[in-house]
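Asks: Structure incoming, see below.
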Amino acid sequence: MTEEVSLPDDDEDFELDVLEEYPSLKVVAPFLAVMKKVHWFSNLGEDPDQDVVKVAREYADRLGFPDAWPAFLGDWEEAAEAAESLGFNSPAWEAEEQLRASLTETLMLMLDEETLELVTMHVNQEMSPIIEEHVQEVAEDLGIEDEEFLLAAMGAAAQACYLAVLAVMSGAGEDHPLVVRFRIFEAGYWPIGILGNSFLIY
């Protein structure tokens with residue numbers, strides 16, 4: 001039976017204990033502060049500016065899909081249909097999974113498994129209520145009552161945080177695909193995924 005891992009109640013104690021043993025994790029706290037300030041999903045359905053389009057193109061290119069052009073969806077019904085049609089095991093999803101596995105392998109050379117689990121659990125514990133609050137606000141503003149869709153949005157944001165933190169902890173630069181993908185969330189959009197030659201974004 002796997003021993004249950006519990007987080008310390010006090011955030012400062014958690015950070016001090018972990019950072020004392022692994023000083024390289026000092027990048028986590030500043031990045032967590034950035035994630036907490038993100039206005040999650042604040043621009044859903046809005047026309048993007050050129051900076052957002054540029055970031056979306058950069059992500060697709062760095063992930064290995066240079067022919068996938070950003071397609072910004074105008075309403076949540078379109079986004080829900082897109083999310084359902086993509087699912088798992090798409091080529092782009094497989095590419096992200098390979099990146100995640102590679103980052104995890106790199107981190108296992110730097111940290112022990114329990115510490116990595118503690119850090120990622122801590123990030124999830126801090127971010128989940130913030131993301132949920134933003135999603136509920138957006139749901140009210142846009143009149144979205146589809147609980148499955150809202151849960152998918154929350155899950156996508158939480159996953160984006162998790163993957164970006166893995167990249168940051170491993171020492172990957174700002175041009176790492178999973179960090180670039182986080183920047184699309186940071187701009188208030190939801191990068192749903194790549195389908196054919198379209199990068200679907202809500």
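Following the order of the structure tokens, first chain is A, next is B, and so on, with residues numbered from 1 inside each chain and ligands from 1 in the order they appear.
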Can you list, as a list in words, all residues belonging to chain A that DSSP tags as strand (DSSP E or B)?

Replies: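 Strand (DSSP E or B) assignments inside chain A correspond to Trp69, Pro70, Ala71, Phe72, Pro191, Ile192, Gly193, Ile194, Leu195, Ser198, Phe199, Leu200 and Ile201 of chain A.
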
Asks: Run DSSP on the backbone and grab whatever in chain A lands in helix (DSSP H, G or I); send it over as a VMD selection string.

Replies: chain A and resid 11 to 21 23 to 36 50 to 63 76 to 86 91 to 108 113 to 142 147 to 169 177 to 186

Asks: What would the file look like if the residues just selected were written as a short mmCIF file (atom, residue, chain, number, x, y, z; two decimals), in the first residue's frame with C-alpha atoms?

Replies:
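This went into result-v5.cif:
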```cif
data_model
loop_
_atom_site.label_atom_id
_atom_site.label_comp_id
_atom_site.auth_asym_id
_atom_site.auth_seq_id
_atom_site.Cartn_x
_atom_site.Cartn_y
_atom_site.Cartn_z
CA ASP A 11 2.69 27.46 3.59
CA GLU A 12 5.81 29.14 4.99
CA ASP A 13 6.87 25.97 6.80
CA PHE A 14 6.33 24.02 3.58
CA GLU A 15 8.44 26.41 1.51
CA LEU A 16 11.22 26.69 4.09
CA ASP A 17 11.46 22.94 4.63
CA VAL A 18 11.56 22.09 0.94
CA LEU A 19 13.79 24.97 -0.11
CA GLU A 20 16.28 24.19 2.63
CA GLU A 21 16.83 20.77 1.12
CA PRO A 23 17.45 25.40 -3.14
CA SER A 24 16.84 24.95 -6.87
CA LEU A 25 13.09 25.02 -6.12
CA LYS A 26 13.25 28.70 -5.26
CA VAL A 27 11.75 29.37 -8.70
CA VAL A 28 8.45 27.77 -7.66
CA ALA A 29 7.22 30.44 -5.24
CA PRO A 30 7.65 33.39 -7.66
CA PHE A 31 5.98 31.43 -10.45
CA LEU A 32 3.12 30.46 -8.15
CA ALA A 33 2.66 34.16 -7.37
CA VAL A 34 2.39 34.84 -11.11
CA MET A 35 -0.22 32.10 -11.55
CA LYS A 36 -2.32 33.49 -8.71
CA GLN A 50 -1.56 40.25 -32.39
CA ASP A 51 0.53 39.39 -29.33
CA VAL A 52 -1.81 36.55 -28.39
CA VAL A 53 -1.86 35.26 -31.97
CA LYS A 54 1.93 35.35 -32.00
CA VAL A 55 2.14 33.33 -28.78
CA ALA A 56 -0.35 30.80 -30.15
CA ARG A 57 1.71 30.41 -33.32
CA GLU A 58 4.87 30.01 -31.24
CA TYR A 59 3.28 27.24 -29.18
CA ALA A 60 2.10 25.27 -32.22
CA ASP A 61 5.48 25.66 -33.89
CA ARG A 62 7.50 24.60 -30.83
CA LEU A 63 5.21 21.64 -30.20
CA TRP A 76 -18.81 28.24 -25.49
CA GLU A 77 -20.96 25.79 -27.48
CA GLU A 78 -18.30 25.78 -30.20
CA ALA A 79 -15.62 25.34 -27.55
CA ALA A 80 -17.48 22.44 -25.93
CA GLU A 81 -17.84 20.71 -29.28
CA ALA A 82 -14.15 21.26 -30.01
CA ALA A 83 -13.09 19.88 -26.64
CA GLU A 84 -15.24 16.78 -27.16
CA SER A 85 -13.92 16.17 -30.66
CA LEU A 86 -10.28 16.35 -29.58
CA PRO A 91 -0.99 13.78 -32.13
CA ALA A 92 -0.69 17.10 -30.27
CA TRP A 93 -1.82 15.51 -27.00
CA GLU A 94 0.77 12.76 -27.48
CA ALA A 95 3.45 15.41 -28.08
CA GLU A 96 2.52 17.17 -24.83
CA GLU A 97 2.60 13.86 -22.98
CA GLN A 98 6.10 13.20 -24.27
CA LEU A 99 7.18 16.62 -23.02
CA ARG A 100 5.62 15.95 -19.62
CA ALA A 101 7.38 12.59 -19.38
CA SER A 102 10.69 14.16 -20.36
CA LEU A 103 10.34 16.91 -17.75
CA THR A 104 9.44 14.39 -15.07
CA GLU A 105 12.45 12.27 -15.97
CA THR A 106 14.70 15.34 -15.71
CA LEU A 107 13.24 16.29 -12.33
CA MET A 108 13.76 12.78 -10.99
CA GLU A 113 9.64 11.43 -5.96
CA GLU A 114 7.99 12.43 -2.68
CA THR A 115 9.32 15.99 -2.88
CA LEU A 116 8.09 16.37 -6.45
CA GLU A 117 4.67 15.11 -5.39
CA LEU A 118 4.61 17.51 -2.44
CA VAL A 119 5.44 20.49 -4.63
CA THR A 120 2.87 19.69 -7.30
CA MET A 121 0.21 18.97 -4.68
CA HIS A 122 1.01 22.29 -3.04
CA VAL A 123 0.60 24.14 -6.33
CA ASN A 124 -2.70 22.38 -7.02
CA GLN A 125 -3.94 23.11 -3.51
CA GLU A 126 -3.14 26.80 -3.93
CA MET A 127 -4.46 27.21 -7.46
CA SER A 128 -7.63 25.08 -7.54
CA PRO A 129 -9.87 27.44 -5.51
CA ILE A 130 -8.60 30.46 -7.45
CA ILE A 131 -9.30 28.81 -10.80
CA GLU A 132 -12.73 27.64 -9.65
CA GLU A 133 -13.67 31.15 -8.54
CA HIS A 134 -12.70 32.60 -11.93
CA VAL A 135 -14.58 29.88 -13.81
CA GLN A 136 -17.74 30.50 -11.79
CA GLU A 137 -17.51 34.24 -12.47
CA VAL A 138 -17.12 33.63 -16.20
CA ALA A 139 -19.99 31.12 -16.17
CA GLU A 140 -22.28 33.75 -14.68
CA ASP A 141 -21.12 36.45 -17.10
CA LEU A 142 -21.55 34.25 -20.19
CA GLU A 147 -21.28 21.69 -15.53
CA GLU A 148 -19.26 19.23 -17.59
CA PHE A 149 -17.88 22.08 -19.69
CA LEU A 150 -17.02 24.15 -16.61
CA LEU A 151 -15.24 21.20 -15.00
CA ALA A 152 -13.28 20.67 -18.22
CA ALA A 153 -12.20 24.32 -18.15
CA MET A 154 -11.07 24.04 -14.53
CA GLY A 155 -9.20 20.84 -15.29
CA ALA A 156 -7.46 22.39 -18.28
CA ALA A 157 -6.28 25.37 -16.23
CA ALA A 158 -5.06 23.16 -13.38
CA GLN A 159 -3.20 20.96 -15.85
CA ALA A 160 -1.61 24.03 -17.44
CA CYS A 161 -0.32 25.12 -14.03
CA TYR A 162 1.04 21.65 -13.30
CA LEU A 163 2.85 21.33 -16.62
CA ALA A 164 4.26 24.86 -16.50
CA VAL A 165 5.57 24.27 -12.97
CA LEU A 166 7.29 21.08 -14.12
CA ALA A 167 8.98 23.07 -16.88
CA VAL A 168 10.05 25.86 -14.53
CA MET A 169 11.39 23.45 -11.91
CA PRO A 177 6.18 24.69 -25.35
CA LEU A 178 4.39 24.10 -22.06
CA VAL A 179 5.46 27.48 -20.71
CA VAL A 180 4.37 29.14 -23.95
CA ARG A 181 1.01 27.35 -23.67
CA PHE A 182 0.59 28.73 -20.15
CA ARG A 183 1.02 32.23 -21.57
CA ILE A 184 -2.14 31.72 -23.65
CA PHE A 185 -4.04 30.96 -20.45
CA GLU A 186 -2.34 33.97 -18.89
#
```

Asks: For stretch 52-79 of chain A versus stretch 193-198 of chain A, which residues have an atom no more than 9 Å away, and what is each residue's nearest atom pair and distance in Å rounded to one decimal, using only C-alpha atoms, chain-then-number order, as JSON lines?

Replies:
```
{"residue": "A:Ala60", "atom": "CA", "partner": "A:Ile194", "partner_atom": "CA", "distance": 8.0}
{"residue": "A:Phe65", "atom": "CA", "partner": "A:Asn197", "partner_atom": "CA", "distance": 8.0}
{"residue": "A:Pro66", "atom": "CA", "partner": "A:Asn197", "partner_atom": "CA", "distance": 8.7}
{"residue": "A:Asp67", "atom": "CA", "partner": "A:Asn197", "partner_atom": "CA", "distance": 5.7}
{"residue": "A:Ala68", "atom": "CA", "partner": "A:Asn197", "partner_atom": "CA", "distance": 4.0}
{"residue": "A:Trp69", "atom": "CA", "partner": "A:Ser198", "partner_atom": "CA", "distance": 5.0}
{"residue": "A:Pro70", "atom": "CA", "partner": "A:Ser198", "partner_atom": "CA", "distance": 6.0}
{"residue": "A:Ala71", "atom": "CA", "partner": "A:Ser198", "partner_atom": "CA", "distance": 6.0}
```

Asks: Export, as a PDB file, in the first residue's frame, the selected residues with N, CA and C atoms.

Replies:
```pdb
ATOM      1  N   ALA A  60       2.322  26.316 -31.220  1.00  0.00           N
ATOM      2  CA  ALA A  60       2.105  25.269 -32.221  1.00  0.00           C
ATOM      3  C   ALA A  60       3.410  24.894 -32.910  1.00  0.00           C
ATOM      4  N   PHE A  65       3.988  21.432 -34.659  1.00  0.00           N
ATOM      5  CA  PHE A  65       2.870  21.534 -35.591  1.00  0.00           C
ATOM      6  C   PHE A  65       2.859  22.926 -36.233  1.00  0.00           C
ATOM      7  N   PRO A  66       3.873  23.233 -37.035  1.00  0.00           N
ATOM      8  CA  PRO A  66       4.005  24.584 -37.600  1.00  0.00           C
ATOM      9  C   PRO A  66       2.888  24.968 -38.562  1.00  0.00           C
ATOM     10  N   ASP A  67       2.151  23.985 -39.075  1.00  0.00           N
ATOM     11  CA  ASP A  67       1.067  24.284 -40.021  1.00  0.00           C
ATOM     12  C   ASP A  67      -0.272  24.533 -39.332  1.00  0.00           C
ATOM     13  N   ALA A  68      -0.293  24.395 -37.995  1.00  0.00           N
ATOM     14  CA  ALA A  68      -1.544  24.604 -37.257  1.00  0.00           C
ATOM     15  C   ALA A  68      -1.710  26.090 -36.934  1.00  0.00           C
ATOM     16  N   TRP A  69      -2.733  26.701 -37.519  1.00  0.00           N
ATOM     17  CA  TRP A  69      -2.955  28.132 -37.323  1.00  0.00           C
ATOM     18  C   TRP A  69      -4.029  28.369 -36.273  1.00  0.00           C
ATOM     19  N   PRO A  70      -3.867  29.413 -35.453  1.00  0.00           N
ATOM     20  CA  PRO A  70      -4.834  29.702 -34.393  1.00  0.00           C
ATOM     21  C   PRO A  70      -6.231  29.963 -34.951  1.00  0.00           C
ATOM     22  N   ALA A  71      -7.210  29.289 -34.373  1.00  0.00           N
ATOM     23  CA  ALA A  71      -8.616  29.501 -34.723  1.00  0.00           C
ATOM     24  C   ALA A  71      -9.356  29.826 -33.431  1.00  0.00           C
TER      25      ALA A  71
END
```

Asks: Pick the closest to A:Gly45 from A:Glu145, A:Leu200, A:Leu111, A:Gly64: which is it, counting only C-alpha atoms?

Replies: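 Closest residue, counting only C-alpha atoms: A:Leu200.
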
Asks: At a cut-off of 9 Å, using only C-alpha atoms, what residues contact A:Asn43? Leave out same-chain residues fewer than 6 positions from it and give the result as a list in words.

Replies: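 With the cut-off at 9 Å, the set is Ala187, Gly188, Tyr189, Trp190 and Tyr202 of chain A.
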
Asks: Can you spit out the residues from that selection as an mmCIF file, in the first residue's frame, using C-alpha atoms?

Replies:
```cif
data_model
loop_
_atom_site.group_PDB
_atom_site.id
_atom_site.type_symbol
_atom_site.label_atom_id
_atom_site.label_comp_id
_atom_site.auth_asym_id
_atom_site.auth_seq_id
_atom_site.Cartn_x
_atom_site.Cartn_y
_atom_site.Cartn_z
ATOM 1 C CA ALA A 187 -3.836 36.120 -21.655
ATOM 2 C CA GLY A 188 -7.331 34.997 -20.626
ATOM 3 C CA TYR A 189 -7.951 32.331 -23.276
ATOM 4 C CA TRP A 190 -8.341 28.559 -23.248
ATOM 5 C CA TYR A 202 -11.588 29.763 -26.877
#
```

Asks: To one decimal in Å, tell me the separation between atom CA of A:Lys37 and atom CA of A:Pro191.

Replies: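 Atom-to-atom, atom CA of A:Lys37 to atom CA of A:Pro191, that is 18.6 Å.
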
Asks: Please compute the atom CA of A:Met110-atom CA of A:Gly173 distance, one decimal, in Å.

Replies: 16.8 Å

Asks: Take atom CA of A:Ser90 and atom CA of A:Ile192 and report the distance between them in Å, one decimal.

Replies: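 Straight-line distance from atom CA of A:Ser90 to atom CA of A:Ile192 works out to 12.0 Å.
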